[in-house]
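Visitor: Take a look at this one; I'll ask things after.
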Amino acid sequence: MSVVISPSILNCDFAHLGDELAKIANADYAHVDVMDNHFVPNLALGLPVAEAAVAASPIPVDAHLMIEDPDRWAPAYAEIGCASVTFHAEAAAAPIRLARELHAQGTRVGLALRPASAIEPYIDILPEFDMILIMTVEPGFGGQSFLESMMPKVARTRAAIENAGLETWVQVDGGISRATITQAAEAGANNFVAGSAVYRADDAYTEVEELRRLAREASHSH
Ligand code: DX5
Ligand code: ZN
């Protein structure tokens, strides 16, 4: 399974969005965090900024919707050109219908789980998704510490995917850095969101390369 690096722009300098996106041109996706102050206790980004990111980004945009009522809002993110749209299992009223609607719009579709949500109820519907996002912090803010306790869930998710003969990506988001990416990759994640690790590094480009190297090394070693 290929290693995918998706820096989060949540803590980038929004006054210079184009320059900030240009810094991560060597990554695979630009991860855009959308927060509505209801699903999570923070308000961040929305359609206009996501649309600006799609226009300015040298790489495809991966939208992570931490919002209530994704059934109502998610299709708009596909409409503006996000290459991947992820909504939360806890918030969707009809996740299968929404996944099919997003697929019909031509986007990749992800299903996200908060730390306290189990993967087991979703195992039978894995074929509806291109990616499962296992949150490795409580969603809402960048810069939090990685929850190592999520690694068994990552491993169970990867095992269920392999068992079903699927190619689904497993994304981890929250506290991913040089110090934590190896264990996440060893547990079975192949897609890594890193916000502060990339944007607080002296050189974002080098940080992306280093994270990719560490993840590849860990994926090959098991
Ligand atoms: C948290 C967001 C993350 C966040 C990651 O709710 O979903 O994408 O930006 O930031 P770091 O890498 O700093 O934990
Ligand atoms: Zn995110």
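Letters A, B, ... mark the chains of the structure tokens in the order given; residue numbers begin at 1 per chain; ligand numbers begin at 1, in order shown.
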Which neighbours of segment 197-204 of chain A fall inside 12 Å, counting only C-alpha atoms, when residues of the same chain fewer than 2 positions from it are skipped, and could you give them as a PyMOL selection string?
Guide: chain A and resi 5-14+19-27+30-31+142-146+173-181+192-195+206-212
Visitor: Output C-alpha atoms for every residue in that selection, as a CSV table (one decimal), in the first residue's frame.
Guide:
```
chain,number,residue,atom,x,y,z
A,5,ILE,CA,1.5,12.3,3.2
A,6,SER,CA,-1.3,14.9,3.7
A,7,PRO,CA,-0.1,18.1,5.6
A,8,SER,CA,-2.9,19.9,7.4
A,9,ILE,CA,-3.1,23.6,6.7
A,10,LEU,CA,-5.1,24.3,9.9
A,11,ASN,CA,-2.2,26.2,11.5
A,12,CYS,CA,-0.7,27.7,8.4
A,13,ASP,CA,-0.5,31.5,7.7
A,14,PHE,CA,-3.8,32.2,6.0
A,19,ASP,CA,2.8,30.4,-0.4
A,20,GLU,CA,1.9,28.1,2.4
A,21,LEU,CA,0.4,25.5,-0.1
A,22,ALA,CA,3.5,25.9,-2.4
A,23,LYS,CA,5.7,24.8,0.5
A,24,ILE,CA,4.1,21.3,0.5
A,25,ALA,CA,4.1,20.7,-3.2
A,26,ASN,CA,6.0,17.5,-2.6
A,27,ALA,CA,3.2,16.1,-0.4
A,30,ALA,CA,-3.4,19.2,1.3
A,31,HIS,CA,-5.6,18.4,4.3
A,142,GLY,CA,-4.0,21.1,16.0
A,143,GLY,CA,-0.9,20.6,18.2
A,144,GLN,CA,-2.3,18.0,20.5
A,145,SER,CA,-0.5,14.9,21.6
A,146,PHE,CA,-0.8,11.6,19.7
A,173,ASP,CA,-4.8,12.5,12.0
A,174,GLY,CA,-3.5,14.2,15.1
A,175,GLY,CA,-0.1,14.4,16.7
A,176,ILE,CA,1.7,12.8,13.7
A,177,SER,CA,5.4,13.7,13.7
A,178,ARG,CA,8.8,12.0,13.3
A,179,ALA,CA,8.3,10.6,16.8
A,180,THR,CA,5.0,9.0,16.1
A,181,ILE,CA,4.7,8.2,12.4
A,192,PHE,CA,-0.6,10.5,7.4
A,193,VAL,CA,-2.0,13.9,8.3
A,194,ALA,CA,0.5,16.2,9.9
A,195,GLY,CA,-0.2,19.8,10.8
A,206,THR,CA,12.2,18.5,4.1
A,207,GLU,CA,9.7,17.5,6.9
A,208,VAL,CA,7.4,16.0,4.3
A,209,GLU,CA,10.3,14.0,2.8
A,210,GLU,CA,11.4,12.8,6.2
A,211,LEU,CA,7.9,11.7,7.3
A,212,ARG,CA,7.5,9.9,4.0
```
Visitor: Step one, run DSSP on the backbone; step two, keep only residues of segment 137-207 of chain A assigned to strand (DSSP E); then write them as a list in words.
Guide: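 Filtering segment 137-207 of chain A to strand (DSSP E) leaves Trp169, Val170, Gln171, Val172, Asp173, Asn191, Phe192, Val193 and Ala194 of chain A.
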Visitor: Measuring between only C-alpha atoms and all ligand atoms, which one of A:Asp130, A:Asp33, A:Asp71, A:Glu51 shows the shortest distance to ligand 1?
Guide: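 Ranked by minimum distance to ligand 1, first place goes to A:Asp33.
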Visitor: Give me the residues near Ala50 of chain A as a list in words, where near means some atom within 10 Å (using only C-alpha atoms) and where sequence neighbours in that chain fewer than 4 positions away do not count.
Guide: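 Surrounding residues, per the criterion: His31, Val32, Asp33, Val34, Leu45, Gly46, Val54, Ala55, Ala56, Val61, Asp62, Ala63, Tyr77, Ile80, Gly81 and Cys82 of chain A.
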Visitor: List as a PyMOL selection string the protein and nucleic acid residues near Leu102 of chain A, meaning an atom at most 8 Å away when only C-alpha atoms are counted, but skip any in the same chain fewer than 4 places from it.
Guide: chain A and resi 74-75+78+85+98+106-109
Visitor: Interatomic distance between atom CA of Met131 of chain A and atom CA of Thr86 of chain A?
Guide: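 Pair atom CA of Met131 of chain A / atom CA of Thr86 of chain A returns 8.1 Å.
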Visitor: Write out as a list in words all residues of segment 91-160 of chain A that backbone DSSP assigns to alpha helix (DSSP H).
Guide: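 Restricting segment 91-160 of chain A to alpha helix (DSSP H) produces Pro95, Ile96, Arg97, Leu98, Ala99, Arg100, Glu101, Leu102, His103, Ala104, Met151, Pro152, Lys153, Val154, Ala155, Arg156, Thr157, Arg158, Ala159 and Ala160 of chain A.
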Visitor: Compare A:Leu126, A:Ile134, A:Met151, A:Leu214 by their minimum atom-to-atom distance to ligand 1, counting only C-alpha atoms and all ligand atoms, and give me the closest one.
Guide: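 Between A:Leu126, A:Ile134, A:Met151, A:Leu214, the residue approaching ligand 1 most closely is A:Ile134.
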Visitor: Calculated over only C-alpha atoms and all ligand atoms, which of the candidates A:His220, A:Arg97, A:Arg114, A:His38 has the smallest distance to ligand 1?
Guide: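 Residue with the minimum atom-to-atom distance to ligand 1: A:Arg114.
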Visitor: Kindly indicate which residue among A:His64, A:Arg216, A:His16, A:Lys153 lies nearest to ligand 2, using only C-alpha atoms and all ligand atoms for the distances.
Guide: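 Comparing A:His64, A:Arg216, A:His16, A:Lys153 against ligand 2, the winner is A:His64.
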Visitor: Extract, using only C-alpha atoms, all DNA, RNA and protein residues at most 9 Å from segment 165-171 of chain A, discarding same-chain residues fewer than 6 positions from it, and format them as an MDAnalysis selection string.
Guide: chainID A and resid 1:2 4 110 112 126:127 129:135 154 157:158 188:193
Visitor: State, in Å with one decimal place, the distance from atom CA of Ile123 of chain A to atom CA of Ala160 of chain A.
Guide: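 Between atom CA of Ile123 of chain A and atom CA of Ala160 of chain A the gap is 6.8 Å.
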Visitor: List the neighbours of Asn42 of chain A out to 9 Å using only C-alpha atoms; skip same-chain residues closer than 5 positions along the sequence, and give me the result as a PyMOL selection string.
Guide: chain A and resi 35-37+140-141
Visitor: Next, the residues of the selection above should be written as a PDB file, in the first residue's frame with N, CA, C and O atoms.
Guide:
```
ATOM      1  N   MET A  35     -14.416  22.969  10.556  1.00  0.00           N
ATOM      2  CA  MET A  35     -15.006  22.800  11.902  1.00  0.00           C
ATOM      3  C   MET A  35     -16.146  23.785  12.090  1.00  0.00           C
ATOM      4  O   MET A  35     -16.012  24.962  11.750  1.00  0.00           O
ATOM      5  N   ASP A  36     -17.248  23.288  12.670  1.00  0.00           N
ATOM      6  CA  ASP A  36     -18.469  24.101  12.718  1.00  0.00           C
ATOM      7  C   ASP A  36     -18.852  24.605  14.113  1.00  0.00           C
ATOM      8  O   ASP A  36     -19.927  25.184  14.290  1.00  0.00           O
ATOM      9  N   ASN A  37     -17.997  24.359  15.119  1.00  0.00           N
ATOM     10  CA  ASN A  37     -18.288  24.741  16.506  1.00  0.00           C
ATOM     11  C   ASN A  37     -19.509  24.020  17.084  1.00  0.00           C
ATOM     12  O   ASN A  37     -20.059  24.444  18.096  1.00  0.00           O
ATOM     13  N   GLY A 140     -10.652  18.806  16.760  1.00  0.00           N
ATOM     14  CA  GLY A 140     -10.962  20.177  17.160  1.00  0.00           C
ATOM     15  C   GLY A 140      -9.789  21.140  17.107  1.00  0.00           C
ATOM     16  O   GLY A 140      -9.970  22.307  16.798  1.00  0.00           O
ATOM     17  N   PHE A 141      -8.588  20.618  17.388  1.00  0.00           N
ATOM     18  CA  PHE A 141      -7.441  21.515  17.447  1.00  0.00           C
ATOM     19  C   PHE A 141      -6.177  20.838  16.939  1.00  0.00           C
ATOM     20  O   PHE A 141      -6.024  19.626  17.101  1.00  0.00           O
TER      21      PHE A 141
END
```
